[in-house]
Amino acid sequence: MAQNRHWEQDKDATIYMGNIDERATPAMMYEIMLQMGPIHNIHMPRDRVTQSHQGFGFVEFRTPADAEYAANVMNGVKLYGKSLRVNKASADRQRTTDIGAELFIGNLDPMADEKILYDTFSRFGPLLSLPKVARDDNGGSYGAVCL
């Protein structure tokens, strides 16, 4: 099991594995994914403090066809009662959205509206979408927003 750096991976031959139970080990994931085809590399990032894996990882196969096969076969397979999320790592290149993050803000003052939030957060850079304040049936704020 080589531990190559993420940026050296062949993205077309790499799959992303998510929703991995904490009991699963890299060796276990290697053995499971080896059934899909020859593996060049497996990487499951570890928490710096606890040294346990963070619930996701990447498997680089020898060929893009093996990665495609693994993504099709292994997506949704249950391991320790949790359904694995498996897809091609190169799928992120197919998305045309800009780089950004969705921000959830709770405990907002009921007087805060979309304009105030836009004015406040647009100072840090362009917003990909307008803020949306969660409102009840009467139009009152729930005190939460997504940016």
# chains A, B, ... in the order shown; residues from 1 in each chain; ligands from 1

call {"tool": "select_by_dssp", "arguments": {"residues": "chain A", "states": "strand (DSSP E)", "output": "tab-separated table (two decimals) with N, CA, C and O atoms, in the first residue's frame"}}
result
chain	number	residue	atom	x	y	z
A	14	THR	N	-8.98	7.36	-9.86
A	14	THR	CA	-9.16	7.46	-8.42
A	14	THR	C	-10.63	7.59	-8.06
A	14	THR	O	-11.37	8.31	-8.72
A	15	ILE	N	-11.02	6.90	-6.99
A	15	ILE	CA	-12.37	7.02	-6.46
A	15	ILE	C	-12.31	7.67	-5.09
A	15	ILE	O	-11.30	7.59	-4.39
A	16	TYR	N	-13.41	8.31	-4.73
A	16	TYR	CA	-13.60	8.87	-3.40
A	16	TYR	C	-14.49	7.90	-2.64
A	16	TYR	O	-15.49	7.41	-3.18
A	17	MET	N	-14.13	7.59	-1.40
A	17	MET	CA	-14.97	6.76	-0.52
A	17	MET	C	-15.38	7.63	0.66
A	17	MET	O	-14.53	8.21	1.32
A	18	GLY	N	-16.67	7.72	0.91
A	18	GLY	CA	-17.15	8.51	2.03
A	18	GLY	C	-18.08	7.70	2.92
A	18	GLY	O	-18.50	6.60	2.56
A	39	ILE	N	-4.87	-2.13	-7.24
A	39	ILE	CA	-4.79	-0.83	-6.58
A	39	ILE	C	-3.37	-0.31	-6.63
A	39	ILE	O	-2.41	-1.03	-6.35
A	40	HIS	N	-3.25	0.95	-6.99
A	40	HIS	CA	-1.95	1.62	-7.00
A	40	HIS	C	-1.68	2.30	-5.65
A	40	HIS	O	-0.56	2.33	-5.17
A	41	ASN	N	-2.74	2.86	-5.03
A	41	ASN	CA	-2.57	3.65	-3.82
A	41	ASN	C	-3.90	3.74	-3.08
A	41	ASN	O	-4.96	3.79	-3.70
A	42	ILE	N	-3.84	3.80	-1.75
A	42	ILE	CA	-5.02	4.09	-0.94
A	42	ILE	C	-4.60	5.12	0.10
A	42	ILE	O	-3.51	5.04	0.67
A	43	HIS	N	-5.49	6.10	0.29
A	43	HIS	CA	-5.18	7.16	1.27
A	43	HIS	C	-6.43	7.47	2.06
A	43	HIS	O	-7.46	7.82	1.49
A	56	PHE	N	-13.40	9.24	5.43
A	56	PHE	CA	-13.37	9.24	3.97
A	56	PHE	C	-11.98	8.87	3.51
A	56	PHE	O	-11.03	8.81	4.30
A	57	GLY	N	-11.86	8.60	2.23
A	57	GLY	CA	-10.56	8.25	1.68
A	57	GLY	C	-10.59	8.21	0.17
A	57	GLY	O	-11.63	8.43	-0.46
A	58	PHE	N	-9.44	7.91	-0.41
A	58	PHE	CA	-9.28	7.83	-1.85
A	58	PHE	C	-8.56	6.55	-2.20
A	58	PHE	O	-7.63	6.14	-1.51
A	59	VAL	N	-9.01	5.91	-3.28
A	59	VAL	CA	-8.35	4.72	-3.78
A	59	VAL	C	-7.98	4.98	-5.23
A	59	VAL	O	-8.84	5.30	-6.05
A	60	GLU	N	-6.69	4.85	-5.53
A	60	GLU	CA	-6.23	5.00	-6.91
A	60	GLU	C	-6.01	3.62	-7.49
A	60	GLU	O	-5.19	2.84	-6.99
A	61	PHE	N	-6.75	3.31	-8.52
A	61	PHE	CA	-6.62	2.03	-9.22
A	61	PHE	C	-5.59	2.16	-10.33
A	61	PHE	O	-5.14	3.25	-10.66
A	78	LYS	N	-23.11	-1.57	2.20
A	78	LYS	CA	-23.05	-1.31	3.65
A	78	LYS	C	-21.83	-1.97	4.28
A	78	LYS	O	-21.54	-3.13	4.01
A	79	LEU	N	-21.18	-1.19	5.12
A	79	LEU	CA	-20.04	-1.66	5.89
A	79	LEU	C	-20.27	-1.21	7.33
A	79	LEU	O	-20.40	0.00	7.57
A	82	LYS	N	-23.32	1.08	7.70
A	82	LYS	CA	-23.32	2.40	7.05
A	82	LYS	C	-23.11	2.23	5.55
A	82	LYS	O	-22.21	1.51	5.14
A	83	SER	N	-23.93	2.91	4.76
A	83	SER	CA	-23.79	2.84	3.31
A	83	SER	C	-22.61	3.69	2.85
A	83	SER	O	-22.55	4.88	3.14
A	85	ARG	N	-20.40	5.86	0.41
A	85	ARG	CA	-20.59	6.74	-0.74
A	85	ARG	C	-19.31	6.64	-1.57
A	85	ARG	O	-18.23	7.00	-1.10
A	86	VAL	N	-19.45	6.13	-2.77
A	86	VAL	CA	-18.28	5.93	-3.62
A	86	VAL	C	-18.57	6.56	-4.98
A	86	VAL	O	-19.60	6.28	-5.59
A	87	ASN	N	-17.67	7.43	-5.42
A	87	ASN	CA	-17.78	7.99	-6.76
A	87	ASN	C	-16.40	8.33	-7.29
A	87	ASN	O	-15.41	8.30	-6.55
A	88	LYS	N	-16.33	8.63	-8.56
A	88	LYS	CA	-15.05	8.97	-9.18
A	88	LYS	C	-14.54	10.28	-8.59
A	88	LYS	O	-15.28	11.23	-8.44
A	104	PHE	N	-23.96	28.27	7.36
A	104	PHE	CA	-25.19	28.29	8.14
A	104	PHE	C	-24.93	29.12	9.38
A	104	PHE	O	-23.96	28.91	10.09
A	105	ILE	N	-25.80	30.08	9.62
A	105	ILE	CA	-25.66	30.96	10.79
A	105	ILE	C	-26.91	30.83	11.63
A	105	ILE	O	-28.02	31.06	11.15
A	132	LYS	N	-30.35	33.58	2.47
A	132	LYS	CA	-31.75	33.17	2.62
A	132	LYS	C	-32.04	32.99	4.10
A	132	LYS	O	-31.56	32.06	4.72
A	133	VAL	N	-32.84	33.88	4.64
A	133	VAL	CA	-33.22	33.79	6.05
A	133	VAL	C	-34.39	32.81	6.15
A	133	VAL	O	-35.36	32.91	5.40
A	134	ALA	N	-34.29	31.85	7.07
A	134	ALA	CA	-35.38	30.90	7.29
A	134	ALA	C	-36.52	31.63	7.99
A	134	ALA	O	-36.32	32.29	9.01
A	135	ARG	N	-37.71	31.53	7.42
A	135	ARG	CA	-38.87	32.26	7.96
A	135	ARG	C	-40.02	31.30	8.22
A	135	ARG	O	-40.19	30.31	7.54
A	141	SER	N	-38.55	35.62	11.29
A	141	SER	CA	-37.28	34.90	11.17
A	141	SER	C	-37.19	33.78	12.21
A	141	SER	O	-37.56	33.96	13.37
A	142	TYR	N	-36.68	32.62	11.78
A	142	TYR	CA	-36.35	31.54	12.70
A	142	TYR	C	-35.00	31.79	13.38
A	142	TYR	O	-34.58	31.05	14.24
A	143	GLY	N	-34.32	32.81	12.89
A	143	GLY	CA	-33.00	33.11	13.47
A	143	GLY	C	-31.89	32.32	12.83
A	143	GLY	O	-30.88	32.08	13.46
A	144	ALA	N	-32.07	31.88	11.57
A	144	ALA	CA	-31.04	31.12	10.89
A	144	ALA	C	-30.97	31.57	9.43
A	144	ALA	O	-31.95	32.03	8.87
A	145	VAL	N	-29.78	31.40	8.85
A	145	VAL	CA	-29.60	31.80	7.46
A	145	VAL	C	-28.59	30.88	6.80
A	145	VAL	O	-27.71	30.34	7.46
A	146	CYS	N	-28.74	30.72	5.50
A	146	CYS	CA	-27.74	30.02	4.70
A	146	CYS	C	-27.17	30.99	3.67
A	146	CYS	O	-27.93	31.69	3.01

call {"tool": "select_by_dssp", "arguments": {"residues": "chain A", "states": "helix (DSSP H, G or I)", "output": "PyMOL selection string"}}
result
chain A and resi 6-8+11-13+26-34+64-74+91-94+114-124

call {"tool": "atom_distance", "arguments": {"atom1": "CA of Gly55 (chain A)", "atom2": "CA of Leu128 (chain A)"}}
result
28.1 Å

call {"tool": "residues_around", "arguments": {"residues": "Thr25 (chain A)", "least_positions_apart": "4", "cutoff": "9 Å", "atoms": "only C-alpha atoms", "output": "ChimeraX atom specification"}}
result
/A:21,29-30,44,53

call {"tool": "write_last_selection", "arguments": {"atoms": "N, CA, C and O atoms", "output": "PDB file, in the first residue's frame"}}
result
ATOM      1  N   ASP A  21     -17.233   3.929   8.286  1.00  0.00           N
ATOM      2  CA  ASP A  21     -17.336   3.746   9.737  1.00  0.00           C
ATOM      3  C   ASP A  21     -15.954   3.817  10.379  1.00  0.00           C
ATOM      4  O   ASP A  21     -14.957   3.409   9.778  1.00  0.00           O
ATOM      5  N   MET A  29     -10.157  -1.580   3.991  1.00  0.00           N
ATOM      6  CA  MET A  29     -10.649  -0.929   2.777  1.00  0.00           C
ATOM      7  C   MET A  29      -9.831  -1.363   1.566  1.00  0.00           C
ATOM      8  O   MET A  29     -10.364  -1.545   0.477  1.00  0.00           O
ATOM      9  N   TYR A  30      -8.538  -1.555   1.758  1.00  0.00           N
ATOM     10  CA  TYR A  30      -7.672  -2.038   0.679  1.00  0.00           C
ATOM     11  C   TYR A  30      -8.149  -3.410   0.206  1.00  0.00           C
ATOM     12  O   TYR A  30      -8.292  -3.649  -0.999  1.00  0.00           O
ATOM     13  N   MET A  44      -6.334   7.318   3.383  1.00  0.00           N
ATOM     14  CA  MET A  44      -7.424   7.675   4.287  1.00  0.00           C
ATOM     15  C   MET A  44      -6.858   8.685   5.280  1.00  0.00           C
ATOM     16  O   MET A  44      -6.125   8.311   6.198  1.00  0.00           O
ATOM     17  N   HIS A  53      -8.973   7.640  11.300  1.00  0.00           N
ATOM     18  CA  HIS A  53      -9.289   8.197   9.988  1.00  0.00           C
ATOM     19  C   HIS A  53     -10.514   9.093  10.091  1.00  0.00           C
ATOM     20  O   HIS A  53     -11.295   9.018  11.035  1.00  0.00           O
TER      21      HIS A  53
END

call {"tool": "residues_around", "arguments": {"residues": "Leu117 (chain A)", "least_positions_apart": "4", "cutoff": "7 Å", "atoms": "only C-alpha atoms", "output": "MDAnalysis selection string"}}
result
chainID A and resid 113 121 131

call {"tool": "residues_around", "arguments": {"residues": "Ala70 (chain A)", "least_positions_apart": "2", "cutoff": "9 Å", "atoms": "only C-alpha atoms", "output": "count of residues only"}}
result
16

call {"tool": "atom_distance", "arguments": {"atom1": "CA of Pro64 (chain A)", "atom2": "CA of Glu22 (chain A)"}}
result
27.8 Å

call {"tool": "closest_residue", "arguments": {"among": "A:Leu130, A:Gln54, A:Asp47, A:Asp12", "to": "Tyr118 (chain A)", "atoms": "only C-alpha atoms"}}
result
A:Leu130

call {"tool": "atom_distance", "arguments": {"atom1": "CA of Ala13 (chain A)", "atom2": "CA of Ala89 (chain A)"}}
result
8.1 Å
